[in-house]
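Just data-v3.csv here, CSV, C-alpha atoms and all ligand atoms:
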chain,number,residue,atom,x,y,z
A,1,MET,CA,-7.7,50.8,-53.5
A,2,PHE,CA,-7.0,47.1,-52.7
A,3,ASP,CA,-3.3,47.8,-51.8
A,4,LEU,CA,-1.6,44.8,-50.0
A,5,LYS,CA,1.9,46.2,-50.2
A,6,GLY,CA,3.8,45.2,-47.0
A,7,LYS,CA,1.4,42.4,-46.1
A,8,THR,CA,2.3,38.8,-46.0
A,9,ALA,CA,-0.2,36.0,-46.8
A,10,LEU,CA,-0.4,32.2,-46.6
A,11,VAL,CA,-2.9,30.5,-48.9
A,12,THR,CA,-3.2,26.8,-48.2
A,13,GLY,CA,-3.8,24.5,-51.2
A,14,SER,CA,-2.5,27.2,-53.6
A,15,THR,CA,-0.5,24.9,-55.9
A,16,GLN,CA,-3.6,24.8,-58.3
A,17,GLY,CA,-7.2,25.6,-58.7
A,18,ILE,CA,-9.0,28.2,-56.6
A,19,GLY,CA,-6.1,28.6,-54.1
A,20,PHE,CA,-3.7,29.3,-56.9
A,21,GLU,CA,-5.9,32.1,-58.2
A,22,ILE,CA,-6.4,33.5,-54.7
A,23,ALA,CA,-2.6,33.6,-54.3
A,24,ARG,CA,-2.2,35.2,-57.7
A,25,ILE,CA,-4.6,38.0,-57.0
A,26,LEU,CA,-3.2,38.8,-53.5
A,27,ALA,CA,0.4,38.8,-54.9
A,28,SER,CA,-0.7,41.0,-57.9
A,29,HIS,CA,-2.0,43.6,-55.3
A,30,GLY,CA,1.4,43.7,-53.5
A,31,ALA,CA,1.3,40.9,-50.9
A,32,LYS,CA,4.2,38.5,-50.3
A,33,VAL,CA,2.4,35.2,-50.7
A,34,TYR,CA,3.4,31.7,-49.4
A,35,ILE,CA,2.2,29.0,-51.9
A,36,SER,CA,1.5,25.8,-50.2
A,37,GLY,CA,0.5,22.2,-50.9
A,38,ALA,CA,1.1,18.7,-49.7
A,39,GLU,CA,2.3,16.8,-52.8
A,40,SER,CA,5.9,18.2,-53.2
A,41,ILE,CA,8.0,21.3,-52.9
A,42,GLU,CA,8.6,21.0,-56.7
A,43,LYS,CA,4.8,21.5,-57.3
A,44,CYS,CA,4.8,24.5,-54.9
A,45,LYS,CA,7.8,25.9,-56.8
A,46,ARG,CA,6.1,25.4,-60.2
A,47,ALA,CA,3.1,27.4,-59.0
A,48,CYS,CA,5.5,30.1,-57.7
A,49,GLU,CA,7.1,30.5,-61.1
A,50,LYS,CA,3.8,31.9,-62.4
A,51,ILE,CA,3.3,34.3,-59.5
A,52,PRO,CA,5.9,37.0,-58.9
A,53,GLY,CA,6.3,37.8,-55.2
A,54,SER,CA,5.4,34.3,-54.0
A,55,VAL,CA,7.4,31.8,-51.9
A,56,PRO,CA,7.0,28.0,-51.9
A,57,VAL,CA,6.4,26.1,-48.7
A,58,ARG,CA,5.3,22.4,-48.6
A,59,ALA,CA,3.1,21.2,-45.8
A,60,ASN,CA,0.8,18.3,-45.4
A,61,LEU,CA,-2.0,19.7,-43.3
A,62,LEU,CA,-2.8,16.1,-42.0
A,63,ASP,CA,0.5,16.2,-40.2
A,64,THR,CA,0.7,18.4,-37.0
A,65,CYS,CA,4.6,18.5,-37.4
A,66,ASP,CA,4.2,19.9,-40.9
A,67,ILE,CA,1.8,22.6,-39.5
A,68,ASN,CA,4.3,23.5,-36.9
A,69,LYS,CA,7.1,23.6,-39.5
A,70,LEU,CA,4.9,25.7,-41.8
A,71,TYR,CA,4.6,28.3,-39.0
A,72,GLU,CA,8.3,28.2,-38.3
A,73,THR,CA,9.0,28.8,-42.0
A,74,THR,CA,6.6,31.7,-42.6
A,75,GLY,CA,6.7,33.4,-39.2
A,76,ASP,CA,3.8,35.7,-38.4
A,77,ILE,CA,1.6,36.7,-41.3
A,78,ASP,CA,-1.2,39.2,-41.9
A,79,ILE,CA,-3.5,37.1,-44.1
A,80,LEU,CA,-4.4,33.5,-43.7
A,81,VAL,CA,-6.6,31.8,-46.4
A,82,LEU,CA,-7.7,28.3,-45.5
A,83,ASN,CA,-8.4,26.9,-48.9
A,84,ALA,CA,-6.9,23.3,-48.9
A,85,SER,CA,-9.4,20.5,-48.5
A,86,ILE,CA,-9.9,16.8,-49.1
A,87,GLN,CA,-13.1,15.5,-50.6
A,88,TYR,CA,-14.3,11.9,-50.9
A,89,LYS,CA,-17.4,11.1,-52.8
A,90,ARG,CA,-19.3,8.2,-51.1
A,91,ASN,CA,-22.7,7.3,-49.9
A,92,TRP,CA,-23.1,8.6,-46.4
A,93,ASP,CA,-22.6,5.2,-44.7
A,94,GLU,CA,-19.6,4.1,-46.9
A,95,TYR,CA,-16.8,6.2,-45.4
A,96,SER,CA,-14.0,4.3,-43.7
A,97,ASP,CA,-12.8,5.5,-40.3
A,98,GLU,CA,-9.6,6.6,-42.0
A,99,GLU,CA,-11.5,8.6,-44.7
A,100,TYR,CA,-13.6,10.2,-42.0
A,101,ASP,CA,-10.5,11.3,-40.1
A,102,ILE,CA,-8.7,12.5,-43.2
A,103,GLN,CA,-11.5,14.8,-44.3
A,104,MET,CA,-12.1,16.1,-40.7
A,105,ASN,CA,-8.4,16.7,-40.1
A,106,CYS,CA,-7.6,18.4,-43.3
A,107,ASN,CA,-10.8,20.5,-43.6
A,108,VAL,CA,-11.6,21.3,-39.9
A,109,LYS,CA,-8.8,20.4,-37.5
A,110,SER,CA,-6.0,22.0,-39.5
A,111,SER,CA,-8.1,25.2,-39.9
A,112,TYR,CA,-8.3,25.4,-36.1
A,113,LEU,CA,-4.6,24.7,-35.6
A,114,LEU,CA,-3.5,27.2,-38.2
A,115,ILE,CA,-5.8,29.9,-36.8
A,116,LYS,CA,-4.5,29.3,-33.3
A,117,LYS,CA,-0.9,29.5,-34.5
A,118,TYR,CA,-1.2,32.6,-36.7
A,119,VAL,CA,-3.6,34.7,-34.6
A,120,THR,CA,-1.1,35.6,-31.9
A,121,GLY,CA,1.0,37.7,-34.3
A,122,MET,CA,-2.1,39.2,-35.9
A,123,LYS,CA,-3.3,40.2,-32.4
A,124,LYS,CA,0.0,41.9,-31.6
A,125,ASN,CA,-0.2,43.9,-34.9
A,126,ARG,CA,-3.9,44.6,-34.3
A,127,TRP,CA,-4.6,43.6,-37.9
A,128,GLY,CA,-5.4,40.4,-39.5
A,129,ARG,CA,-7.5,38.6,-42.1
A,130,ILE,CA,-8.7,35.0,-42.0
A,131,VAL,CA,-10.7,33.6,-44.9
A,132,THR,CA,-12.0,30.0,-44.9
A,133,ILE,CA,-13.1,28.6,-48.3
A,134,GLY,CA,-16.2,26.6,-47.8
A,135,SER,CA,-18.6,25.1,-50.3
A,136,VAL,CA,-22.1,25.2,-51.6
A,137,ASN,CA,-22.3,21.8,-49.9
A,138,GLN,CA,-22.4,23.4,-46.5
A,139,TYR,CA,-25.9,24.4,-47.5
A,140,ASN,CA,-27.0,21.7,-50.1
A,141,GLN,CA,-27.6,18.0,-49.5
A,142,HIS,CA,-25.4,16.3,-52.1
A,143,PRO,CA,-25.9,12.5,-51.7
A,144,ASN,CA,-22.3,11.7,-52.2
A,145,LEU,CA,-20.7,14.6,-50.4
A,146,SER,CA,-22.6,14.5,-47.2
A,147,LEU,CA,-19.6,14.2,-44.9
A,148,TYR,CA,-17.6,16.7,-46.9
A,149,GLY,CA,-20.6,19.1,-46.4
A,150,VAL,CA,-20.4,18.5,-42.7
A,151,THR,CA,-16.7,19.5,-42.6
A,152,LYS,CA,-17.4,22.7,-44.6
A,153,ALA,CA,-20.3,23.6,-42.4
A,154,ALA,CA,-18.1,23.1,-39.3
A,155,GLN,CA,-15.4,25.3,-40.8
A,156,ALA,CA,-17.9,28.0,-41.6
A,157,LYS,CA,-19.3,27.9,-38.1
A,158,MET,CA,-15.7,28.2,-36.8
A,159,ALA,CA,-15.3,31.4,-38.8
A,160,GLN,CA,-18.6,32.8,-37.5
A,161,ASN,CA,-17.8,31.8,-33.9
A,162,PHE,CA,-14.3,33.3,-33.9
A,163,ALA,CA,-15.2,36.5,-35.7
A,164,PRO,CA,-16.6,38.4,-32.7
A,165,ILE,CA,-13.8,37.2,-30.4
A,166,LEU,CA,-11.1,38.5,-32.8
A,167,ALA,CA,-12.9,41.6,-34.1
A,168,PRO,CA,-11.6,43.8,-31.2
A,169,TYR,CA,-8.1,43.1,-32.4
A,170,GLY,CA,-8.7,44.3,-35.9
A,171,ILE,CA,-8.9,40.7,-37.2
A,172,THR,CA,-11.7,39.7,-39.5
A,173,VAL,CA,-12.8,36.1,-40.1
A,174,ASN,CA,-15.0,35.2,-43.0
A,175,ASN,CA,-16.2,32.3,-45.1
A,176,ILE,CA,-16.6,32.1,-48.8
A,177,ALA,CA,-18.7,29.3,-50.2
A,178,PRO,CA,-18.0,28.5,-53.9
A,179,GLY,CA,-20.4,26.6,-56.0
A,180,ALA,CA,-19.3,24.4,-58.9
A,181,ILE,CA,-15.9,25.7,-60.1
A,182,GLU,CA,-13.7,24.4,-62.9
A,183,THR,CA,-10.5,23.2,-61.2
A,184,PRO,CA,-8.1,20.2,-61.5
A,185,ARG,CA,-10.3,18.6,-58.7
A,186,ASN,CA,-13.3,18.1,-61.0
A,187,GLU,CA,-11.6,18.3,-64.5
A,188,LYS,CA,-12.2,14.6,-65.1
A,189,ALA,CA,-15.9,14.8,-64.0
A,190,PHE,CA,-16.6,17.9,-66.2
A,191,ASN,CA,-15.0,16.2,-69.2
A,192,ASP,CA,-18.1,14.1,-69.2
A,193,VAL,CA,-20.4,16.3,-71.2
A,194,ASP,CA,-23.6,14.8,-69.9
A,195,PHE,CA,-22.5,15.2,-66.3
A,196,LYS,CA,-21.5,18.8,-66.9
A,197,LYS,CA,-24.8,19.6,-68.4
A,198,LYS,CA,-26.6,18.0,-65.4
A,199,VAL,CA,-24.6,20.3,-63.1
A,200,GLU,CA,-25.2,23.4,-65.2
A,201,ASN,CA,-28.9,22.7,-65.0
A,202,LEU,CA,-28.7,23.0,-61.2
A,203,ILE,CA,-27.1,26.5,-61.5
A,204,PRO,CA,-29.5,29.4,-62.0
A,205,CYS,CA,-26.8,31.4,-63.8
A,206,GLY,CA,-26.5,28.4,-66.2
A,207,TYR,CA,-22.8,27.8,-66.2
A,208,ILE,CA,-19.9,26.4,-64.1
A,209,GLY,CA,-17.7,29.1,-62.4
A,210,LYS,CA,-14.0,29.7,-62.7
A,211,PRO,CA,-11.4,30.3,-59.9
A,212,GLU,CA,-11.4,34.0,-61.1
A,213,ASP,CA,-15.0,34.2,-59.9
A,214,ILE,CA,-13.9,33.5,-56.4
A,215,SER,CA,-10.6,35.4,-55.9
A,216,PRO,CA,-11.9,39.0,-56.2
A,217,ALA,CA,-14.1,38.5,-53.1
A,218,VAL,CA,-11.2,37.1,-51.2
A,219,LEU,CA,-9.2,40.2,-52.2
A,220,LEU,CA,-11.8,42.5,-50.9
A,221,LEU,CA,-12.0,40.7,-47.6
A,222,CYS,CA,-8.2,40.8,-47.2
A,223,CYS,CA,-7.8,44.5,-47.9
A,224,GLU,CA,-8.3,47.5,-45.7
A,225,GLU,CA,-11.5,48.1,-47.7
A,226,GLY,CA,-13.0,44.9,-46.2
A,227,ARG,CA,-12.3,45.9,-42.6
A,228,TYR,CA,-16.0,46.1,-41.7
A,229,ILE,CA,-16.9,42.7,-43.1
A,230,THR,CA,-16.5,39.9,-40.4
A,231,GLY,CA,-18.4,36.8,-39.6
A,232,ALA,CA,-19.9,36.8,-43.1
A,233,GLU,CA,-20.6,33.8,-45.3
A,234,ILE,CA,-20.4,34.8,-48.9
A,235,LYS,CA,-21.9,32.4,-51.4
A,236,ILE,CA,-20.3,32.6,-54.8
A,237,ASP,CA,-22.2,29.9,-56.7
A,238,GLY,CA,-24.3,31.3,-59.5
A,239,GLY,CA,-27.3,30.7,-57.3
A,240,MET,CA,-26.7,27.0,-56.9
A,241,SER,CA,-27.6,27.0,-53.2
A,242,LEU,CA,-30.9,28.8,-53.7
B,301,LIG,N1,-13.8,23.2,-57.3
B,301,LIG,C1,-15.0,23.3,-56.9
B,301,LIG,O1,-16.0,23.1,-57.6
B,301,LIG,C2,-15.3,23.7,-55.4
B,301,LIG,C3,-16.6,23.9,-55.0
B,301,LIG,C4,-16.8,24.3,-53.7
B,301,LIG,C5,-15.8,24.5,-52.9
B,301,LIG,N2,-14.5,24.2,-53.2
B,301,LIG,C6,-13.4,24.4,-52.3
B,301,LIG,O2,-12.5,25.3,-52.8
B,301,LIG,C7,-11.2,24.9,-52.3
B,301,LIG,C8,-10.2,24.7,-53.5
B,301,LIG,O3,-10.8,23.7,-54.3
B,301,LIG,P1,-10.1,23.3,-55.7
B,301,LIG,O4,-11.2,22.7,-56.5
B,301,LIG,O5,-9.3,24.4,-56.2
B,301,LIG,O6,-9.2,22.0,-55.2
B,301,LIG,P2,-8.1,21.2,-55.9
B,301,LIG,O7,-8.0,21.5,-57.3
B,301,LIG,O8,-8.4,19.8,-55.5
B,301,LIG,O9,-6.8,21.7,-55.1
B,301,LIG,C9,-6.6,21.3,-53.8
B,301,LIG,C10,-5.4,22.0,-53.2
B,301,LIG,O10,-5.3,21.6,-51.8
B,301,LIG,C11,-4.0,21.1,-51.6
B,301,LIG,N3,-4.1,20.0,-50.6
B,301,LIG,C12,-4.8,18.8,-50.8
B,301,LIG,N4,-4.6,18.0,-49.7
B,301,LIG,C13,-3.8,18.7,-48.9
B,301,LIG,C14,-3.2,18.4,-47.6
B,301,LIG,N5,-3.4,17.3,-47.0
B,301,LIG,N6,-2.3,19.4,-47.1
B,301,LIG,C15,-2.1,20.5,-47.7
B,301,LIG,N7,-2.6,20.9,-48.9
B,301,LIG,C16,-3.4,20.0,-49.5
B,301,LIG,C17,-3.5,20.6,-52.9
B,301,LIG,O11,-2.1,20.7,-53.0
B,301,LIG,P3,-1.1,19.5,-53.6
B,301,LIG,O12,-1.9,18.9,-54.7
B,301,LIG,O13,0.1,20.3,-53.9
B,301,LIG,O14,-0.9,18.6,-52.5
B,301,LIG,C18,-4.1,21.7,-53.9
B,301,LIG,O15,-3.3,22.8,-53.9
B,301,LIG,C19,-11.4,23.6,-51.5
B,301,LIG,O16,-11.5,24.0,-50.1
B,301,LIG,C20,-12.7,23.1,-52.0
B,301,LIG,O17,-13.3,22.3,-51.0
B,301,LIG,C21,-14.2,23.8,-54.5

In C-alpha cells, write the structure found in this file.
Amino acid sequence: MFDLKGKTALVTGSTQGIGFEIARILASHGAKVYISGAESIEKCKRACEKIPGSVPVRANLLDTCDINKLYETTGDIDILVLNASIQYKRNWDEYSDEEYDIQMNCNVKSSYLLIKKYVTGMKKNRWGRIVTIGSVNQYNQHPNLSLYGVTKAAQAKMAQNFAPILAPYGITVNNIAPGAIETPRNEKAFNDVDFKKKVENLIPCGYIGKPEDISPAVLLLCCEEGRYITGAEIKIDGGMSL
C-alpha cells in the first residue's frame, strides 16, 4: 500500500512547514521529490539534506521565467503539489496594488501555469496527481485575511473545475484545506500565548495542528489507492471551518 516507487513529484514551497512534511512523506514512500522554494538554492539544499531521495530546485513562482526553468529542470513529473503561497494580513481595503498582484500571482496564477506545464506529460502517461493546498480561509471570513481567502477559494475552484476535464486521462485534481497549523509562517504569532489560546478556542478539536496532520491525506491522494478521489476538497482543520 502507498507505494510511490518510480514516481517523481514536485512540491512547491517545500523548504519548510507543511510543504516540507509533504515532500518528506512522499519521498519516504519511494518517490523522487523535487524540493522547491524562492529564497535560495542553499535553503532548498538544506531541506534536501533531511530527505533522502530529494532534489533541490530554486524557483520564484512570481517569475514566469523561473516557472519555465523549473519545468526544464524537472522535466515531466507524476505528482504536482501546489503548496507555496504568500499571505499578507491587512484590512480588506488596505492592500496595495503590488500586494494584490503578489498574492494572486503566487497563489493562483502560478498554480494555473504549473498545471498547464506539467499536465501534458501526465496526459501522455495517462497517470497524474495534482493537489492544491488551500486553507480554512477559503471558507471562513477572517477580517485580516480576506484577500488571501479569495486566492485560496480561486485555487480550490480551479482544482474542482479541472478535475472532470483531466479525469479521463487518469489524472486526479484535489484540494486540501488546512486549518491553523504550526509552521515557520506563524511561529511568531503562536509564541504569543494569549493569541494562541484565542485561536485554539476557535478549533473544536481544541489544539493547533502540525504539518504531520496534513501530509498523510496528501499521500493518499497521490498514491494508486487514491485513484477514485478527484475534485474533492478535504478540510483538515480540527473542525475550525464548521
Ligand atoms: N500554516 C498554517 O496555519 C496554514 C493554514 C492554512 C493553509 N496553509 C497553507 O499551507 C501552505 C504551506 O503553509 P506553511 O505555513 O507551511 O507556509 P510557510 O512556512 O510560510 O512556507 C511557505 C513556503 O512557500 C515558499 N514560497 C514562498 N513564496 C514563494 C514564491 N514566491 N515562490 C516559490 N516558493 C515560495 C517558501 O519557500 P522559501 O522560504 O524557500 O522561499 C516556503 O517553502 C500554504 O499554501 C498556506 O497558505 C497554512

With only C-alpha atoms as the atoms that count, which of A:Ala156, A:Leu80, A:Cys65, A:Leu242 lies nearest to Asn107 of chain A?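 When distances to Asn107 of chain A are compared using only C-alpha atoms, the smallest one comes from A:Ala156.
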
Taking only C-alpha atoms and all ligand atoms into account, which residues are within 7 Å of ligand LIG 301 (chain B), as a PyMOL selection string? chain A and resi 12-19+36-40+43-44+59-62+83-87+106+133-136+177-186

Near Cys223 of chain A, counting only C-alpha atoms, which residues have an atom at most 7 Å away, once you skip same-chain residues fewer than 5 positions from it, shown as a ChimeraX atom specification? /A:2-4

Near segment 230-237 of chain A, within 10 Å and counting all atoms listed in the file, which residues show up once chain neighbours fewer than 6 positions away are dropped, as a PyMOL selection string? chain A and resi 129-136+139+156-164+166-167+171-181+203-205+207-209+213-214+217-218+221

Quote the spacing between atom CA of Tyr118 of chain A and atom CA of Val150 of chain A in Å to one decimal place.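 A separation of 24.6 Å between them.
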
Taking into account all atoms listed in the file, which residue in the set A:Asn125, A:Ser110, A:Ser146, A:Asn137 is nearest to Trp92 of chain A?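 Going through A:Asn125, A:Ser110, A:Ser146, A:Asn137 one by one, the smallest distance to Trp92 of chain A is for A:Ser146.
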